[in-house]
Amino acid sequence: MLEADPAPLTARAATILGIARALTPAHQRLARAESWLRVAIPAVIGLFLVCLFAITATQLMSQRRDAVAEAGREIDLLARLAAATLAQGGGLDGAVPAGALIPGREIHLIGPDEVITASLPVPLPPGRSLGEHLGEAQPLLILGERAGLMTVGLRGAPALATLRALPGGQQRVAVVQSLDTVTAAWQGRARTEAMVIGTATLVIVCIGLAYTLQADRARAVDRVCEQVRQRLDTALCRGRCGLWDWDIARGRIYWSDSMYQLLGYTREHEFLSFGDVNALVHPDDTDLYGLASQLAAQDATVDHEFRIRSAAGEWIWLKARAEIVRDQEDGGRHLVGIAVDISEQRRLAESTATADMRLRDAVEAVSEAFVLWDAQNRLVLCNSKFRRLHALTPEDAQPGRRYDTIMGRAAVPPVRREIQAGEFAETGARTFEAELADGRWLQISERRTKDGGYVSVGTDITALKRHQERLVESERQLIATIADLKRSRRTLELQTQQLADLAERYLDQKAQAESANRSKSEFLANMSHELRTPLNAILGFAEVMQDEVFGHLGCEKYREYCRDIRSSGQYLLSVIDDILDMSRIEARRVTLAKQPLPVAEVLERVLKVVAEAARAKGLTLSVEMNAGAVVLADARALHQILLNLLQNAVKFTPDAGRVAVRTRRALDAVHIYVEDSGIGIPRTVLPKLGAPFEQVESNLSRSFKGSGLGLAIARSLTELHGGRLRIRSEVGSGTIVLVRLPQPPGDAPFAREGAVAALPAPVA
């Protein structure tokens with residue numbers, strides 16, 4: 001159903017809240033033209049009045065001109081008659097007819113010197129001229145008869161005057177009449193017509209004003225009706241209800257706008273047919289045909305709940321309340337009332353019923369005896385545990401029965417003793433424990449409800465009581481245990497204090513050791529620097545003497561001594577260099593310039609250094625390496641690591657032994673293996689190797705010279721690179737040293753099995 005377009009208030013639908021308007025075709029046409037007539041009628045009235053005023057004014061002015069012209073003709077005729085009569089001889093009194101001297105008219109006889117000689121009807125003072133009497137009559141005196149009828153001033157008022165000369169030209173007759181007397185009759189007629197026109201205008205204006213007021217009142221009434229309808233619809237919409245007006249005789253039903261909005265429909269027609277509404281009502285709830293038959297037979301009221309289908313296809317519950325109302329005009333019967341949306345109440349009632357059922361199930365499921373009494377001591381709810389405790393049947397414990405009636409039929413269990421835990425006076429609740437004759441314990445809790453009733457819960461606490469007794473016994477045992485623990489704690493506190501003292505002494509000794517170690521490193525660095533200066537001079541002088549730069553020594557022994565001095569000095573210089581390197585490493589003053597380095601190039605330079613010593617001992621020196629092996633390291637540090645390891649291998653390998661170098665890839669690192677078939681290292685010494693000045697042989701049984709810093713420097717430099725150095729050895733079989741160094745980021749992995757690098761051939 002579609003909603004019609006809104007119309008003006010004067011052309012709205014034919015009903016107001018279902019009440020039909022009695023509209024004839026002429027009335028409908030007039031209602032459609034009313035908005036135009038409301039403007040046109042006042043305009044027509046105003047135009048009519050303007051035209052009436054204009055016509056009346058024109059007519060009055062024409063009548064005035066006619067009256068003035070008629071008076072002018074009479075004055076001229078009277079002047080001619082008087083001049084003719086005076087010319088025949090006679091006085092001014094006999095020259096004017098008696099009826100010609102009307103009020104306001106004067107006749108003057110003027111002599112040759114322009115002095116008035118005679119006047120009618122009132123004589124003027126002697127010697128007064130016509131110019132003095134008329135004031136602005138100079139043109140009339142100059143022109144004479146040629147002036148004809150002129151308007152002059154007479155005692156300050158306008159007047160008509162004419163002048164006629166007597167035969168001979170010595171005397172003249174002047175006739176003067178006041179203009180007020182000329183227009184007196186016209187003014188009377190004008191006042192009468194003005195009163196008539198004014199009265200008619202007043203009547204017409206009142207009629208127009210009455211029409212305007214009536215039209216405004218009709219609009220106001222329509223507006224009030226529309227506002228009442230809108231406010232009523234708004235109130236009905238806010239109340240989720242709608243207005244029904246069922247015309248039983250015609251079989252049509254009117255719905256208010258709120259009813260359409262409630263169901264989600266839009267208005268298409270003013271009335272709904274009986275069949276349209278019956279099709280929307282749920283067939284299981286009501287039958288509109290049967291209801292119509294019942295209402296047609298007798299006057300009755302309707303109070304009924306039913307479902308009706310909304311525009312969304314959902315069923316909405318409505319509660320209709322209506323009664324029969326008779327139409328005062330046609331006597332027809334209308335069923336008028338409202339329909340309220342009770343869907344929410346129905347859902348709430350269903351939810352309440354479900355919640356009540358769940359509450360009863362929950363109360364029945366609890367393990368305690370539960371009972372609820374209202375403010376009048378009537379039973380509201382109890383469970384089967386309460387009935388079993390008091391030996392009640394379901395018929396005895398019916399909701400609504402009084403406390404006295406139910407407990408009169410109950411068997412109260414015997415109570416051996418009670419322990420009170422609280423009273424109603426203080427908290428509105430009471431809790432007590434009761435020991436039954438059969439040995440069971442019950443904890444009974446009673447609490448007042450907000451409506452004045454109270455709820456009682458009886459809990460079987462037999463197990464809790466027995467457990468409580470065991471807890472009391474356990475508490476006594478626990479107290480004894482706590483006493484033992486306190487004694488143990490005092491002992492532990494004493495031991496803790498002793499350990500704290502030992503830890504404090506350990507920290508002091510550790511700080512002293514670290515300080516001594518730093519002092520040792522600084523002392524060695526200073527001493528090495530002080531020894532290096534004179535040692536360089538000794539080496540230089542020994543070389544000069546050995547080469548006999550300044551002359552022949554004369555004895556072969558001197559040259560041999562010079563060689564020994566030079567050899568011993570170089571050895572001492574290497575020891576000093578190792579000490580300086582170790583001191584810098586321990587002082588964290590070594591800066592590494594890491595860069596990608598091919599291992600083969602560094603190893604080639606190292607082998608050139610140790611090749612002479614290996615050849616002197618007849619060692620076999622073999623290398624198995626991939627030419628593409630690259631590590632991220634400092635060039636000098638890598639050279640020193642490999643040099644120290646190979647020098648140790650050559651030094652500790654007996655004559656005709658074997659020394660080998662191999663490389664392998666391991667994820668993001670390169671493994672460099674240095675193997676020898678030397679004397680080996682005992683297992684007890686392995687953990688100490690790599691520490692400064694640590695050697696395999698003791699000071700009393702040493703057969704190999706050295707400072708013991710080579711392996712320590714190699715380990716420290718390897719760890720500075722982020723790598724690791726590991727040693728595996730067996731006495732009499734040899735030693736394997738593994739150096740793990742990182743590869744450059746993104747470097748391509750090398751082959752596991754590579755060709756032998758292009759290095760010097762093994763020395764036999």
# chains A, B, ... in the order shown; residues from 1 in each chain; ligands from 1

$ residues_around --residues "Ala83 of chain A" --least-positions-apart "2" --cutoff "9 Å" --atoms "only C-alpha atoms" --output "list in words"
Leu78, Ala79, Arg80, Leu81, Thr85, Leu86, Ala87, Gln88, Ala95, Arg164, Ala165, Leu166, Pro167, Arg172 and Val173 of chain A

$ residues_around --residues "segment 115-123 of chain A" --least-positions-apart "5" --cutoff "12 Å" --atoms "only C-alpha atoms" --output "PyMOL selection string"
chain A and resi 82+91-110+128-134+141+170-177

$ residues_around --residues "Tyr260 of chain A" --least-positions-apart "4" --cutoff "10 Å" --atoms "only C-alpha atoms" --output "list in words"
Met1, Glu3, Cys237, Cys241, Gly242, Leu243, Trp255, Ser256, Gly264, Tyr265, Thr266, Arg267, Ser310 and Ala311 of chain A

$ residues_around --residues "Leu539 of chain A" --least-positions-apart "6" --cutoff "10 Å" --atoms "only C-alpha atoms" --output "list in words"
Met545, Cys562, Arg563, Ile565, Arg566, Ser567, Ser568, Gly569, Gln570 and Leu573 of chain A

$ decode --residues "segment 101-113 of chain A" --atoms "all heavy atoms" --output "PDB file, in the first residue's frame"
ATOM      1  N   LEU A 101     -33.457  88.757  -5.970  1.00  0.00           N
ATOM      2  CA  LEU A 101     -32.495  89.050  -4.897  1.00  0.00           C
ATOM      3  C   LEU A 101     -32.486  87.897  -3.877  1.00  0.00           C
ATOM      4  O   LEU A 101     -33.160  87.926  -2.841  1.00  0.00           O
ATOM      5  CB  LEU A 101     -32.874  90.374  -4.215  1.00  0.00           C
ATOM      6  CG  LEU A 101     -32.736  91.620  -5.088  1.00  0.00           C
ATOM      7  CD1 LEU A 101     -33.239  92.854  -4.337  1.00  0.00           C
ATOM      8  CD2 LEU A 101     -31.290  91.793  -5.487  1.00  0.00           C
ATOM      9  N   ILE A 102     -31.815  86.894  -4.257  1.00  0.00           N
ATOM     10  CA  ILE A 102     -31.700  85.720  -3.369  1.00  0.00           C
ATOM     11  C   ILE A 102     -30.537  85.970  -2.420  1.00  0.00           C
ATOM     12  O   ILE A 102     -29.666  86.832  -2.674  1.00  0.00           O
ATOM     13  CB  ILE A 102     -31.473  84.447  -4.180  1.00  0.00           C
ATOM     14  CG1 ILE A 102     -30.190  84.550  -4.995  1.00  0.00           C
ATOM     15  CG2 ILE A 102     -32.668  84.173  -5.109  1.00  0.00           C
ATOM     16  CD1 ILE A 102     -29.847  83.267  -5.762  1.00  0.00           C
ATOM     17  N   PRO A 103     -30.427  85.230  -1.307  1.00  0.00           N
ATOM     18  CA  PRO A 103     -29.315  85.424  -0.358  1.00  0.00           C
ATOM     19  C   PRO A 103     -27.973  85.209  -1.041  1.00  0.00           C
ATOM     20  O   PRO A 103     -27.801  84.267  -1.845  1.00  0.00           O
ATOM     21  CB  PRO A 103     -29.580  84.368   0.725  1.00  0.00           C
ATOM     22  CG  PRO A 103     -31.059  84.119   0.663  1.00  0.00           C
ATOM     23  CD  PRO A 103     -31.439  84.256  -0.791  1.00  0.00           C
ATOM     24  N   GLY A 104     -27.045  86.125  -0.739  1.00  0.00           N
ATOM     25  CA  GLY A 104     -25.700  86.020  -1.285  1.00  0.00           C
ATOM     26  C   GLY A 104     -25.514  86.737  -2.598  1.00  0.00           C
ATOM     27  O   GLY A 104     -24.407  86.772  -3.134  1.00  0.00           O
ATOM     28  N   ARG A 105     -26.587  87.303  -3.160  1.00  0.00           N
ATOM     29  CA  ARG A 105     -26.487  88.003  -4.450  1.00  0.00           C
ATOM     30  C   ARG A 105     -26.596  89.500  -4.185  1.00  0.00           C
ATOM     31  O   ARG A 105     -27.464  89.933  -3.427  1.00  0.00           O
ATOM     32  CB  ARG A 105     -27.587  87.537  -5.391  1.00  0.00           C
ATOM     33  CG  ARG A 105     -27.576  88.206  -6.754  1.00  0.00           C
ATOM     34  CD  ARG A 105     -28.668  87.646  -7.636  1.00  0.00           C
ATOM     35  NE  ARG A 105     -28.457  86.212  -7.919  1.00  0.00           N
ATOM     36  CZ  ARG A 105     -29.330  85.496  -8.623  1.00  0.00           C
ATOM     37  NH1 ARG A 105     -30.461  86.017  -9.051  1.00  0.00           N
ATOM     38  NH2 ARG A 105     -29.064  84.220  -8.850  1.00  0.00           N
ATOM     39  N   GLU A 106     -25.724  90.324  -4.835  1.00  0.00           N
ATOM     40  CA  GLU A 106     -25.707  91.770  -4.693  1.00  0.00           C
ATOM     41  C   GLU A 106     -25.752  92.404  -6.076  1.00  0.00           C
ATOM     42  O   GLU A 106     -25.153  91.870  -7.028  1.00  0.00           O
ATOM     43  CB  GLU A 106     -24.432  92.220  -3.962  1.00  0.00           C
ATOM     44  CG  GLU A 106     -24.313  91.690  -2.556  1.00  0.00           C
ATOM     45  CD  GLU A 106     -23.014  92.118  -1.910  1.00  0.00           C
ATOM     46  OE1 GLU A 106     -22.216  92.809  -2.593  1.00  0.00           O
ATOM     47  OE2 GLU A 106     -22.769  91.757  -0.731  1.00  0.00           O
ATOM     48  N   ILE A 107     -26.477  93.592  -6.127  1.00  0.00           N
ATOM     49  CA  ILE A 107     -26.562  94.370  -7.375  1.00  0.00           C
ATOM     50  C   ILE A 107     -26.095  95.776  -7.039  1.00  0.00           C
ATOM     51  O   ILE A 107     -26.588  96.398  -6.072  1.00  0.00           O
ATOM     52  CB  ILE A 107     -27.991  94.398  -7.939  1.00  0.00           C
ATOM     53  CG1 ILE A 107     -28.484  92.960  -8.214  1.00  0.00           C
ATOM     54  CG2 ILE A 107     -28.062  95.240  -9.220  1.00  0.00           C
ATOM     55  CD1 ILE A 107     -29.932  92.897  -8.674  1.00  0.00           C
ATOM     56  N   HIS A 108     -25.087  96.255  -7.837  1.00  0.00           N
ATOM     57  CA  HIS A 108     -24.514  97.577  -7.575  1.00  0.00           C
ATOM     58  C   HIS A 108     -24.627  98.417  -8.852  1.00  0.00           C
ATOM     59  O   HIS A 108     -24.389  97.895  -9.974  1.00  0.00           O
ATOM     60  CB  HIS A 108     -23.032  97.446  -7.182  1.00  0.00           C
ATOM     61  CG  HIS A 108     -22.843  96.575  -5.982  1.00  0.00           C
ATOM     62  ND1 HIS A 108     -23.131  96.995  -4.707  1.00  0.00           N
ATOM     63  CD2 HIS A 108     -22.401  95.297  -5.887  1.00  0.00           C
ATOM     64  CE1 HIS A 108     -22.852  96.015  -3.872  1.00  0.00           C
ATOM     65  NE2 HIS A 108     -22.412  94.948  -4.594  1.00  0.00           N
ATOM     66  N   LEU A 109     -24.940  99.738  -8.626  1.00  0.00           N
ATOM     67  CA  LEU A 109     -24.970 100.720  -9.718  1.00  0.00           C
ATOM     68  C   LEU A 109     -23.723 101.567  -9.550  1.00  0.00           C
ATOM     69  O   LEU A 109     -23.519 102.182  -8.500  1.00  0.00           O
ATOM     70  CB  LEU A 109     -26.246 101.597  -9.642  1.00  0.00           C
ATOM     71  CG  LEU A 109     -26.384 102.661 -10.723  1.00  0.00           C
ATOM     72  CD1 LEU A 109     -26.454 102.012 -12.117  1.00  0.00           C
ATOM     73  CD2 LEU A 109     -27.659 103.516 -10.492  1.00  0.00           C
ATOM     74  N   ILE A 110     -22.905 101.605 -10.632  1.00  0.00           N
ATOM     75  CA  ILE A 110     -21.606 102.247 -10.566  1.00  0.00           C
ATOM     76  C   ILE A 110     -21.669 103.502 -11.443  1.00  0.00           C
ATOM     77  O   ILE A 110     -22.076 103.437 -12.628  1.00  0.00           O
ATOM     78  CB  ILE A 110     -20.513 101.305 -11.049  1.00  0.00           C
ATOM     79  CG1 ILE A 110     -20.558 100.022 -10.212  1.00  0.00           C
ATOM     80  CG2 ILE A 110     -19.131 101.928 -10.953  1.00  0.00           C
ATOM     81  CD1 ILE A 110     -19.680  98.920 -10.775  1.00  0.00           C
ATOM     82  N   GLY A 111     -21.172 104.627 -10.830  1.00  0.00           N
ATOM     83  CA  GLY A 111     -21.163 105.870 -11.562  1.00  0.00           C
ATOM     84  C   GLY A 111     -19.941 105.989 -12.452  1.00  0.00           C
ATOM     85  O   GLY A 111     -19.102 105.073 -12.541  1.00  0.00           O
ATOM     86  N   PRO A 112     -19.808 107.209 -13.100  1.00  0.00           N
ATOM     87  CA  PRO A 112     -18.668 107.391 -14.017  1.00  0.00           C
ATOM     88  C   PRO A 112     -17.321 107.316 -13.320  1.00  0.00           C
ATOM     89  O   PRO A 112     -16.326 106.909 -13.924  1.00  0.00           O
ATOM     90  CB  PRO A 112     -18.920 108.777 -14.627  1.00  0.00           C
ATOM     91  CG  PRO A 112     -20.392 109.038 -14.434  1.00  0.00           C
ATOM     92  CD  PRO A 112     -20.819 108.350 -13.208  1.00  0.00           C
ATOM     93  N   ASP A 113     -17.225 107.694 -12.087  1.00  0.00           N
ATOM     94  CA  ASP A 113     -15.941 107.678 -11.363  1.00  0.00           C
ATOM     95  C   ASP A 113     -15.708 106.359 -10.637  1.00  0.00           C
ATOM     96  O   ASP A 113     -14.964 106.315  -9.660  1.00  0.00           O
ATOM     97  CB  ASP A 113     -15.898 108.855 -10.377  1.00  0.00           C
ATOM     98  CG  ASP A 113     -17.123 108.861  -9.455  1.00  0.00           C
ATOM     99  OD1 ASP A 113     -18.027 107.974  -9.672  1.00  0.00           O
ATOM    100  OD2 ASP A 113     -17.172 109.647  -8.511  1.00  0.00           O
TER     101      ASP A 113
END
